[in-house]
$ cat protein_15.csv   # CSV, C-alpha atoms and all ligand atoms
chain,number,residue,atom,x,y,z
A,1,MET,CA,3.7,-6.8,-49.9
A,2,ALA,CA,0.6,-5.2,-51.3
A,3,ASP,CA,0.9,-1.6,-52.3
A,4,LEU,CA,-1.9,0.2,-50.5
A,5,ILE,CA,-3.6,3.1,-52.1
A,6,ALA,CA,-4.5,5.9,-49.7
A,7,LYS,CA,-8.0,7.2,-50.0
A,8,SER,CA,-9.0,10.5,-48.6
A,9,PRO,CA,-12.2,10.7,-46.5
A,10,CYS,CA,-14.1,12.8,-49.1
A,11,GLU,CA,-12.7,11.2,-52.2
A,12,GLY,CA,-15.3,11.2,-55.0
A,13,LEU,CA,-17.5,13.6,-53.1
A,14,LEU,CA,-15.6,16.9,-53.5
A,15,PRO,CA,-14.9,19.6,-54.8
A,16,VAL,CA,-18.3,21.2,-55.4
A,17,THR,CA,-19.2,24.8,-56.1
A,18,ILE,CA,-22.7,26.2,-55.7
A,19,GLY,CA,-23.4,29.8,-56.4
A,20,GLY,CA,-20.4,31.7,-55.1
A,21,ILE,CA,-19.5,29.2,-52.4
A,22,SER,CA,-17.0,26.4,-52.8
A,23,LEU,CA,-16.5,23.2,-50.7
A,24,THR,CA,-13.2,21.5,-51.1
A,25,GLU,CA,-11.4,18.8,-49.2
A,26,GLU,CA,-8.3,19.8,-47.1
A,27,GLN,CA,-5.2,17.6,-46.9
A,28,PRO,CA,-3.9,18.7,-43.6
A,29,GLY,CA,-1.2,16.1,-43.3
A,30,SER,CA,-0.6,14.7,-39.8
A,31,MET,CA,-3.1,15.3,-37.1
A,32,TRP,CA,-2.2,14.6,-33.5
A,33,ALA,CA,-4.1,15.3,-30.3
A,34,LEU,CA,-2.0,17.0,-27.6
A,35,ALA,CA,-3.4,16.5,-24.1
A,36,PRO,CA,-1.1,18.1,-21.5
A,37,PHE,CA,-0.4,16.1,-18.4
A,38,LYS,CA,-1.6,17.6,-15.1
A,39,GLY,CA,0.4,20.8,-14.3
A,40,GLN,CA,2.3,20.5,-17.6
A,41,GLU,CA,0.3,23.1,-19.6
A,42,LYS,CA,3.0,25.8,-19.5
A,43,ALA,CA,5.8,23.4,-20.3
A,44,LEU,CA,3.9,22.0,-23.2
A,45,GLY,CA,3.3,25.5,-24.5
A,46,LYS,CA,7.0,26.2,-24.4
A,47,ALA,CA,7.9,23.0,-26.1
A,48,LEU,CA,5.3,23.6,-28.8
A,49,GLU,CA,6.6,27.1,-29.4
A,50,ALA,CA,10.2,25.9,-29.6
A,51,ALA,CA,9.5,23.0,-31.9
A,52,HIS,CA,6.7,24.2,-34.1
A,53,GLY,CA,6.7,28.0,-33.6
A,54,MET,CA,3.2,28.3,-32.3
A,55,ALA,CA,1.5,28.8,-28.9
A,56,PHE,CA,-0.8,26.2,-27.3
A,57,PRO,CA,-4.2,27.6,-28.2
A,58,ALA,CA,-6.5,29.1,-25.6
A,59,VAL,CA,-10.1,27.9,-25.4
A,60,ASN,CA,-12.0,28.6,-28.7
A,61,ARG,CA,-8.8,29.7,-30.5
A,62,ALA,CA,-6.4,28.3,-33.1
A,63,THR,CA,-2.7,29.3,-33.5
A,64,GLY,CA,-0.2,28.8,-36.3
A,65,LYS,CA,-1.1,29.2,-40.0
A,66,ALA,CA,-2.1,27.1,-43.0
A,67,GLY,CA,-0.1,23.9,-43.2
A,68,SER,CA,0.9,24.1,-39.5
A,69,ARG,CA,-1.8,24.8,-37.0
A,70,ALA,CA,-2.8,24.1,-33.4
A,71,VAL,CA,-6.5,24.1,-33.0
A,72,TRP,CA,-8.2,24.0,-29.6
A,73,PHE,CA,-10.0,20.7,-29.6
A,74,GLY,CA,-11.9,20.4,-26.3
A,75,ARG,CA,-11.1,20.5,-22.7
A,76,GLU,CA,-7.3,20.5,-22.1
A,77,MET,CA,-6.7,19.4,-25.7
A,78,ALA,CA,-5.4,20.8,-28.9
A,79,LEU,CA,-5.0,19.2,-32.3
A,80,LEU,CA,-1.7,19.7,-34.1
A,81,MET,CA,-2.4,19.8,-37.8
A,82,GLY,CA,0.4,19.5,-40.3
A,83,PRO,CA,3.7,18.6,-38.7
A,84,GLU,CA,4.5,15.4,-37.0
A,85,PRO,CA,4.8,16.3,-33.3
A,86,ASP,CA,8.4,16.8,-32.0
A,87,ALA,CA,9.5,14.1,-29.6
A,88,ASN,CA,9.9,16.6,-26.8
A,89,LEU,CA,6.2,17.2,-26.7
A,90,ALA,CA,5.7,13.7,-25.4
A,91,GLU,CA,7.4,14.7,-22.1
A,92,HIS,CA,4.5,17.0,-21.3
A,93,ALA,CA,1.5,15.6,-23.0
A,94,ALA,CA,-0.3,12.5,-24.2
A,95,LEU,CA,0.1,12.4,-28.0
A,96,THR,CA,-2.5,10.5,-30.1
A,97,ASP,CA,-2.3,10.1,-33.8
A,98,GLN,CA,-5.6,11.0,-35.3
A,99,SER,CA,-4.4,11.6,-38.9
A,100,ASP,CA,-6.9,9.3,-40.6
A,101,ALA,CA,-9.7,9.8,-38.1
A,102,TRP,CA,-11.2,13.1,-39.4
A,103,ALA,CA,-12.7,14.5,-42.6
A,104,VAL,CA,-11.5,18.0,-43.1
A,105,VAL,CA,-13.2,20.4,-45.6
A,106,ARG,CA,-12.9,24.0,-46.4
A,107,LEU,CA,-16.1,26.1,-47.0
A,108,GLU,CA,-15.3,29.4,-48.8
A,109,GLY,CA,-17.1,32.2,-50.4
A,110,ALA,CA,-19.6,35.1,-49.8
A,111,GLY,CA,-22.4,33.6,-47.7
A,112,ALA,CA,-20.4,30.8,-46.1
A,113,GLU,CA,-21.7,32.0,-42.7
A,114,ASP,CA,-25.3,31.7,-44.0
A,115,VAL,CA,-24.6,28.1,-44.9
A,116,LEU,CA,-23.3,27.3,-41.5
A,117,ALA,CA,-26.1,29.2,-39.8
A,118,ARG,CA,-28.4,26.5,-41.1
A,119,LEU,CA,-26.4,23.7,-39.5
A,120,VAL,CA,-24.4,25.0,-36.5
A,121,PRO,CA,-26.1,26.5,-33.3
A,122,VAL,CA,-23.3,29.0,-32.8
A,123,ASP,CA,-22.9,32.6,-34.1
A,124,LEU,CA,-20.2,32.5,-36.7
A,125,ARG,CA,-20.6,35.9,-38.2
A,126,PRO,CA,-17.4,37.7,-38.8
A,127,HIS,CA,-17.7,40.4,-36.1
A,128,VAL,CA,-18.0,37.7,-33.4
A,129,PHE,CA,-16.2,34.8,-34.9
A,130,LYS,CA,-12.9,36.1,-36.3
A,131,ARG,CA,-9.9,34.5,-38.0
A,132,GLY,CA,-8.2,32.3,-35.5
A,133,HIS,CA,-11.4,31.6,-33.6
A,134,THR,CA,-12.6,28.0,-33.4
A,135,VAL,CA,-15.4,26.1,-31.7
A,136,ARG,CA,-16.2,22.5,-30.9
A,137,THR,CA,-19.9,22.3,-31.6
A,138,GLU,CA,-22.6,20.4,-33.4
A,139,LEU,CA,-23.1,20.4,-37.1
A,140,LYS,CA,-26.5,18.8,-37.9
A,141,HIS,CA,-26.1,16.2,-35.1
A,142,MET,CA,-22.5,15.6,-35.8
A,143,MET,CA,-19.7,16.5,-33.4
A,144,ALA,CA,-17.7,19.0,-35.3
A,145,SER,CA,-14.8,21.4,-35.1
A,146,VAL,CA,-15.2,24.7,-37.0
A,147,THR,CA,-12.4,27.2,-37.4
A,148,ARG,CA,-12.3,30.5,-39.3
A,149,THR,CA,-9.3,30.4,-41.6
A,150,GLY,CA,-10.0,33.5,-43.7
A,151,PRO,CA,-12.4,36.4,-44.1
A,152,GLN,CA,-14.8,34.1,-46.0
A,153,ALA,CA,-13.3,30.7,-45.2
A,154,PHE,CA,-13.9,28.0,-42.7
A,155,GLN,CA,-12.2,24.7,-41.9
A,156,ILE,CA,-14.8,22.1,-40.8
A,157,MET,CA,-14.0,18.7,-39.3
A,158,VAL,CA,-16.1,15.7,-38.4
A,159,PHE,CA,-15.3,12.1,-37.8
A,160,ARG,CA,-14.1,10.4,-41.0
A,161,SER,CA,-17.0,7.9,-40.9
A,162,MET,CA,-19.4,10.9,-41.3
A,163,ALA,CA,-17.7,12.4,-44.4
A,164,LYS,CA,-20.5,11.6,-46.8
A,165,THR,CA,-23.2,13.0,-44.4
A,166,LEU,CA,-21.1,16.1,-43.9
A,167,VAL,CA,-20.8,16.8,-47.6
A,168,HIS,CA,-24.5,16.1,-48.1
A,169,ASP,CA,-25.6,18.4,-45.4
A,170,LEU,CA,-23.3,21.2,-46.5
A,171,LYS,CA,-24.3,20.8,-50.1
A,172,THR,CA,-28.0,21.0,-49.2
A,173,ALA,CA,-27.4,24.1,-47.1
A,174,MET,CA,-25.3,25.7,-49.9
A,175,GLU,CA,-28.1,25.0,-52.4
A,176,ALA,CA,-30.7,26.5,-50.1
A,177,VAL,CA,-28.7,29.6,-49.4
A,178,THR,CA,-28.0,30.1,-53.1
A,179,ALA,CA,-31.6,29.6,-54.1
A,180,ARG,CA,-32.6,32.5,-51.9
A,181,GLY,CA,-30.4,34.7,-54.1
B,1,MET,CA,-32.9,26.8,-23.4
B,2,ARG,CA,-29.3,27.8,-23.4
B,3,ILE,CA,-26.4,26.8,-21.0
B,4,THR,CA,-23.3,28.9,-20.5
B,5,CYS,CA,-20.4,26.4,-20.5
B,6,PRO,CA,-17.6,27.8,-18.3
B,7,LEU,CA,-15.2,27.0,-21.1
B,8,CYS,CA,-17.0,27.3,-24.4
B,9,GLY,CA,-19.5,30.1,-23.6
B,10,GLU,CA,-23.3,30.3,-24.1
B,11,ARG,CA,-24.5,27.3,-26.2
B,12,ASP,CA,-27.7,25.8,-27.3
B,13,ARG,CA,-29.3,23.0,-25.2
B,14,ARG,CA,-28.8,20.5,-28.1
B,15,GLU,CA,-25.1,20.4,-27.5
B,16,PHE,CA,-25.5,19.0,-24.0
B,17,TYR,CA,-26.4,15.5,-22.7
B,18,TYR,CA,-28.4,15.3,-19.5
B,19,LYS,CA,-27.5,12.9,-16.7
B,20,GLY,CA,-29.5,13.6,-13.6
B,21,ALA,CA,-29.2,15.1,-10.1
B,22,ALA,CA,-25.8,16.3,-9.1
B,23,LEU,CA,-25.2,14.7,-5.7
B,24,VAL,CA,-22.2,14.5,-3.4
B,25,ARG,CA,-20.8,11.0,-3.6
B,26,PRO,CA,-20.4,9.4,-0.2
B,27,ALA,CA,-16.9,9.1,1.1
B,28,GLU,CA,-15.1,5.7,1.1
B,29,GLY,CA,-16.4,3.6,3.9
B,30,GLU,CA,-19.7,5.3,4.3
B,31,ASP,CA,-22.5,3.0,5.5
B,32,LEU,CA,-25.2,1.4,3.4
B,33,ASP,CA,-27.8,4.1,4.2
B,34,ALA,CA,-25.6,6.8,2.7
B,35,TRP,CA,-25.1,4.8,-0.5
B,36,HIS,CA,-28.8,3.9,-0.7
B,37,GLN,CA,-29.6,7.5,-0.5
B,38,TYR,CA,-27.0,8.4,-3.2
B,39,VAL,CA,-27.9,5.7,-5.6
B,40,ASN,CA,-31.7,5.5,-5.2
B,41,LEU,CA,-33.3,8.5,-3.5
B,42,ARG,CA,-34.1,11.6,-5.5
B,43,GLU,CA,-35.8,14.9,-4.7
B,44,ASN,CA,-38.2,16.1,-7.4
B,45,PRO,CA,-38.6,19.8,-6.8
B,46,ALA,CA,-40.7,22.2,-8.8
B,47,GLY,CA,-37.9,24.8,-8.6
B,48,PRO,CA,-34.1,25.0,-8.5
B,49,LEU,CA,-32.3,21.7,-8.8
B,50,ASP,CA,-28.6,20.8,-9.2
B,51,GLU,CA,-28.0,18.6,-12.1
B,52,LEU,CA,-25.2,17.1,-14.1
B,53,TRP,CA,-25.0,17.9,-17.8
B,54,TYR,CA,-22.3,16.8,-20.3
B,55,HIS,CA,-21.0,19.2,-23.0
B,56,GLU,CA,-21.0,16.4,-25.4
B,57,MET,CA,-20.8,18.4,-28.6
B,58,GLY,CA,-18.5,20.9,-27.2
B,59,CYS,CA,-15.5,20.7,-24.9
B,60,ASN,CA,-16.5,17.4,-23.3
B,61,SER,CA,-16.7,18.8,-19.7
B,62,TRP,CA,-19.2,17.5,-17.1
B,63,LEU,CA,-21.0,20.5,-15.7
B,64,LYS,CA,-23.0,21.1,-12.6
B,65,VAL,CA,-26.0,23.1,-13.7
B,66,THR,CA,-28.6,24.6,-11.4
B,67,ARG,CA,-31.9,24.7,-13.3
B,68,ASN,CA,-35.3,25.7,-12.3
B,69,THR,CA,-37.4,22.7,-13.3
B,70,ALA,CA,-40.6,24.7,-13.5
B,71,THR,CA,-39.3,27.5,-15.8
B,72,HIS,CA,-36.1,26.0,-17.3
B,73,GLU,CA,-34.2,29.0,-16.1
B,74,ILE,CA,-30.5,28.2,-15.8
B,75,LEU,CA,-29.4,29.8,-12.5
B,76,ALA,CA,-25.7,28.7,-12.2
B,77,VAL,CA,-23.1,26.6,-14.1
B,78,GLN,CA,-19.8,25.3,-13.0
B,79,LEU,CA,-17.3,22.6,-14.0
B,80,ALA,CA,-18.3,19.4,-12.1
B,81,SER,CA,-14.6,18.8,-11.3
B,82,GLU,CA,-14.7,22.0,-9.3
B,83,ALA,CA,-18.0,21.6,-7.7
B,84,GLY,CA,-17.0,19.4,-4.7
B,85,LEU,CA,-19.1,16.5,-5.6
B,86,GLY,CA,-16.7,14.0,-4.0
B,87,GLY,CA,-15.1,11.1,-5.6
B,88,GLN,CA,-11.8,11.9,-3.9
B,89,LYS,CA,-10.1,9.5,-1.5
C,201,ZN,ZN,-18.0,23.4,-23.2
$ encode --input "protein_15.csv" --output "structure tokens" --more "lines below"
Ligand SMILES: [Zn+2]
Amino acid sequence: MADLIAKSPCEGLLPVTIGGISLTEEQPGSMWALAPFKGQEKALGKALEAAHGMAFPAVNRATGKAGSRAVWFGREMALLMGPEPDANLAEHAALTDQSDAWAVVRLEGAGAEDVLARLVPVDLRPHVFKRGHTVRTELKHMMASVTRTGPQAFQIMVFRSMAKTLVHDLKTAMEAVTARG
Amino acid sequence: MRITCPLCGERDRREFYYKGAALVRPAEGEDLDAWHQYVNLRENPAGPLDELWYHEMGCNSWLKVTRNTATHEILAVQLASEAGLGGQK
């Protein structure tokens, strides 16, 4: 059988650093959508806590930590990033493997908010959008998920097919912010 | 124009997709007139109108939005699933 070579969504595109801001690709591991069955939200939360040590995230919130996160991902849905979901979760939720479906990047540095302000119509400044906050929103016409993972760091996700556009748009905004000095 | 999604919060209009008037779907077994009205007939008020909007770039909820068509003022927003628009058997 042929030995297949895995290629990450942003291979050959990243990393880049412009001014004091860096853009790197994240390797989040497995990504599974967790969609609780009707009336099973609490049971799913318990199972998630027991198996993976994190709560089911509230709307616009993420739980867990780097390497093992649950990110609110839309109505009645969370994205488990990192671990393979425990089999018990399947009793309370529809589980969908999305591991290869998303490009995941990290934007970090002083002025990261200014970069995103050019692309995302949501206020992401630190006093409103704190660590552990997340949004499903638009990034320059692309459906995106944006999560604050640090004081000056964001995790940004778009569909894998849009990886090149994502990097292009972020780089353009990074250059424009840096040019202003 | 901004719409306050009951889940996501206040968001820019560009995150939403517009469908049209939010009408109560006729119950199963309703006569042809009721369906004709539901499918074909629309009011076109210069003022408040109930509409369906989809939070396409956000949480993926369908919303019932009451919008003033003359001023674009958003008067009310709720989840379409909780708006009693029918569709139940
Ligand atoms: Zn929403």
$ closest_residue --input "protein_15.csv" --among "A:Met142, A:Leu79, A:Ile18, A:Met1" --to "chain B" --atoms "all atoms listed in the file"
A:Met142
$ residues_around --input "protein_15.csv" --residues "segment 53-61 of chain B" --least-positions-apart "6" --cutoff "6 Å" --atoms "all atoms listed in the file" --output "list in words"
Gly74, Arg75, Arg136, Thr137, Glu138 and Met143 of chain A; Glu15, Phe16, Tyr17, Tyr18 and Lys19 of chain B
$ residues_around --input "protein_15.csv" --residues "Gly82 of chain A" --least-positions-apart "2" --cutoff "8 Å" --atoms "all atoms listed in the file" --output "list in words"
Pro28, Gly29, Ser30, Met31, Gly67, Ser68, Arg69, Leu80 and Glu84 of chain A
$ interface_residues --input "protein_15.csv" --of "chain A" --to "chain B" --cutoff "12 Å" --atoms "all atoms listed in the file" --output "NGL selection string"
:A and (58-61 or 72-78 or 120-123 or 133-146 or 158)
$ residues_near_point --input "protein_15.csv" --point "(-16.4, 41.6, -41.8)" --cutoff "9 Å" --atoms "all atoms listed in the file" --output "list in words"
Arg125, Pro126, His127, Lys130, Pro151 and Gln152 of chain A
$ atom_distance --input "protein_15.csv" --atom1 "atom CA of Trp35 of chain B" --atom2 "atom CA of Leu23 of chain B"
11.2 Å
$ residues_around --input "protein_15.csv" --residues "Lys64 of chain B" --least-positions-apart "3" --cutoff "10 Å" --atoms "only C-alpha atoms" --output "list in words"
Cys5, Gly20, Ala21, Ala22, Leu23, Asp50, Glu51, Leu52, Trp53, Tyr54, Ser61, Arg67, Ala76, Val77, Gln78, Leu79, Ala80, Ser81, Glu82, Ala83 and Leu85 of chain B
$ write_last_selection --input "protein_15.csv" --atoms "C-alpha atoms" --output "short mmCIF file (atom, residue, chain, number, x, y, z; two decimals), in the frame of the given file"
data_model
loop_
_atom_site.label_atom_id
_atom_site.label_comp_id
_atom_site.auth_asym_id
_atom_site.auth_seq_id
_atom_site.Cartn_x
_atom_site.Cartn_y
_atom_site.Cartn_z
CA CYS B 5 -20.40 26.40 -20.50
CA GLY B 20 -29.50 13.60 -13.60
CA ALA B 21 -29.20 15.10 -10.10
CA ALA B 22 -25.80 16.30 -9.10
CA LEU B 23 -25.20 14.70 -5.70
CA ASP B 50 -28.60 20.80 -9.20
CA GLU B 51 -28.00 18.60 -12.10
CA LEU B 52 -25.20 17.10 -14.10
CA TRP B 53 -25.00 17.90 -17.80
CA TYR B 54 -22.30 16.80 -20.30
CA SER B 61 -16.70 18.80 -19.70
CA ARG B 67 -31.90 24.70 -13.30
CA ALA B 76 -25.70 28.70 -12.20
CA VAL B 77 -23.10 26.60 -14.10
CA GLN B 78 -19.80 25.30 -13.00
CA LEU B 79 -17.30 22.60 -14.00
CA ALA B 80 -18.30 19.40 -12.10
CA SER B 81 -14.60 18.80 -11.30
CA GLU B 82 -14.70 22.00 -9.30
CA ALA B 83 -18.00 21.60 -7.70
CA LEU B 85 -19.10 16.50 -5.60
#
$ atom_distance --input "protein_15.csv" --atom1 "atom CA of Glu73 of chain B" --atom2 "atom CA of Met1 of chain B"
7.7 Å
$ atom_distance --input "protein_15.csv" --atom1 "atom CA of Thr69 of chain B" --atom2 "atom CA of Arg118 of chain A"
29.5 Å
$ residues_around --input "protein_15.csv" --residues "Glu91 of chain A" --least-positions-apart "2" --cutoff "12 Å" --atoms "all atoms listed in the file" --output "VMD selection string"
chain A and resid 34 to 38 40 to 41 43 to 48 85 to 89 93 to 95
$ residues_around --input "protein_15.csv" --residues "segment 7-10 of chain A" --least-positions-apart "6" --cutoff "9 Å" --atoms "all atoms listed in the file" --output "mmCIF file with C-alpha atoms, keeping the file's coordinate frame"
data_model
loop_
_atom_site.group_PDB
_atom_site.id
_atom_site.type_symbol
_atom_site.label_atom_id
_atom_site.label_comp_id
_atom_site.auth_asym_id
_atom_site.auth_seq_id
_atom_site.Cartn_x
_atom_site.Cartn_y
_atom_site.Cartn_z
ATOM 1 C CA THR A 24 -13.200 21.500 -51.100
ATOM 2 C CA GLU A 25 -11.400 18.800 -49.200
ATOM 3 C CA GLN A 27 -5.200 17.600 -46.900
ATOM 4 C CA ASP A 100 -6.900 9.300 -40.600
ATOM 5 C CA ALA A 101 -9.700 9.800 -38.100
ATOM 6 C CA TRP A 102 -11.200 13.100 -39.400
ATOM 7 C CA ALA A 103 -12.700 14.500 -42.600
ATOM 8 C CA VAL A 104 -11.500 18.000 -43.100
ATOM 9 C CA VAL A 105 -13.200 20.400 -45.600
ATOM 10 C CA ARG A 160 -14.100 10.400 -41.000
ATOM 11 C CA SER A 161 -17.000 7.900 -40.900
ATOM 12 C CA MET A 162 -19.400 10.900 -41.300
ATOM 13 C CA ALA A 163 -17.700 12.400 -44.400
ATOM 14 C CA LYS A 164 -20.500 11.600 -46.800
ATOM 15 C CA VAL A 167 -20.800 16.800 -47.600
#
$ closest_residue --input "protein_15.csv" --among "B:Val65, B:Leu41, B:Val24, B:Ile3" --to "ligand ZN 201 (chain C)" --atoms "only C-alpha atoms and all ligand atoms"
B:Ile3
$ closest_residue --input "protein_15.csv" --among "B:Leu63, B:Gly86, B:Leu49, B:His72" --to "ligand ZN 201 (chain C)" --atoms "all atoms listed in the file"
B:Leu63
$ closest_residue --input "protein_15.csv" --among "A:Ala66, A:Ile21, A:Ala33, A:Ala179" --to "Gly150 of chain A" --atoms "all atoms listed in the file"
A:Ala66
$ decode --input "protein_15.csv" --residues "segment 13-67 of chain B" --atoms "C-alpha atoms" --output "CSV table (one decimal), in the first residue's frame"
chain,number,residue,atom,x,y,z
B,13,ARG,CA,-25.6,42.9,9.5
B,14,ARG,CA,-23.0,41.2,7.2
B,15,GLU,CA,-23.0,38.1,9.4
B,16,PHE,CA,-26.7,37.4,8.5
B,17,TYR,CA,-28.5,36.1,5.6
B,18,TYR,CA,-32.0,37.4,4.8
B,19,LYS,CA,-34.8,35.1,3.9
B,20,GLY,CA,-38.1,37.0,3.9
B,21,ALA,CA,-41.3,37.4,5.8
B,22,ALA,CA,-41.7,35.3,8.9
B,23,LEU,CA,-45.1,33.8,8.5
B,24,VAL,CA,-46.9,31.1,10.6
B,25,ARG,CA,-46.9,27.9,8.5
B,26,PRO,CA,-50.5,26.5,8.0
B,27,ALA,CA,-51.2,23.4,10.0
B,28,GLU,CA,-51.4,20.0,8.3
B,29,GLY,CA,-54.6,19.6,6.4
B,30,GLU,CA,-55.3,23.3,5.9
B,31,ASP,CA,-57.1,24.2,2.7
B,32,LEU,CA,-55.6,25.5,-0.5
B,33,ASP,CA,-56.4,29.1,0.3
B,34,ALA,CA,-54.3,29.0,3.5
B,35,TRP,CA,-51.4,27.6,1.6
B,36,HIS,CA,-51.8,30.0,-1.3
B,37,GLN,CA,-51.7,32.8,1.2
B,38,TYR,CA,-48.6,31.4,3.0
B,39,VAL,CA,-46.7,30.7,-0.2
B,40,ASN,CA,-47.6,33.6,-2.4
B,41,LEU,CA,-49.1,36.5,-0.7
B,42,ARG,CA,-47.0,39.1,1.1
B,43,GLU,CA,-47.6,42.4,2.8
B,44,ASN,CA,-45.1,45.2,1.9
B,45,PRO,CA,-45.4,47.6,4.8
B,46,ALA,CA,-43.4,50.8,5.2
B,47,GLY,CA,-42.9,50.1,8.9
B,48,PRO,CA,-42.4,47.1,11.2
B,49,LEU,CA,-42.3,43.7,9.6
B,50,ASP,CA,-41.5,40.2,11.0
B,51,GLU,CA,-38.8,38.6,9.0
B,52,LEU,CA,-36.6,35.5,9.0
B,53,TRP,CA,-32.8,36.1,9.2
B,54,TYR,CA,-30.2,33.4,9.4
B,55,HIS,CA,-27.0,33.9,11.5
B,56,GLU,CA,-25.0,32.3,8.8
B,57,MET,CA,-21.5,33.5,9.9
B,58,GLY,CA,-22.3,33.0,13.6
B,59,CYS,CA,-24.2,30.4,15.5
B,60,ASN,CA,-26.3,29.1,12.6
B,61,SER,CA,-29.6,30.0,14.2
B,62,TRP,CA,-32.7,31.1,12.3
B,63,LEU,CA,-34.1,34.3,13.9
B,64,LYS,CA,-37.3,36.1,13.8
B,65,VAL,CA,-36.4,39.7,13.4
B,66,THR,CA,-38.9,42.6,13.6
B,67,ARG,CA,-37.5,45.3,11.4
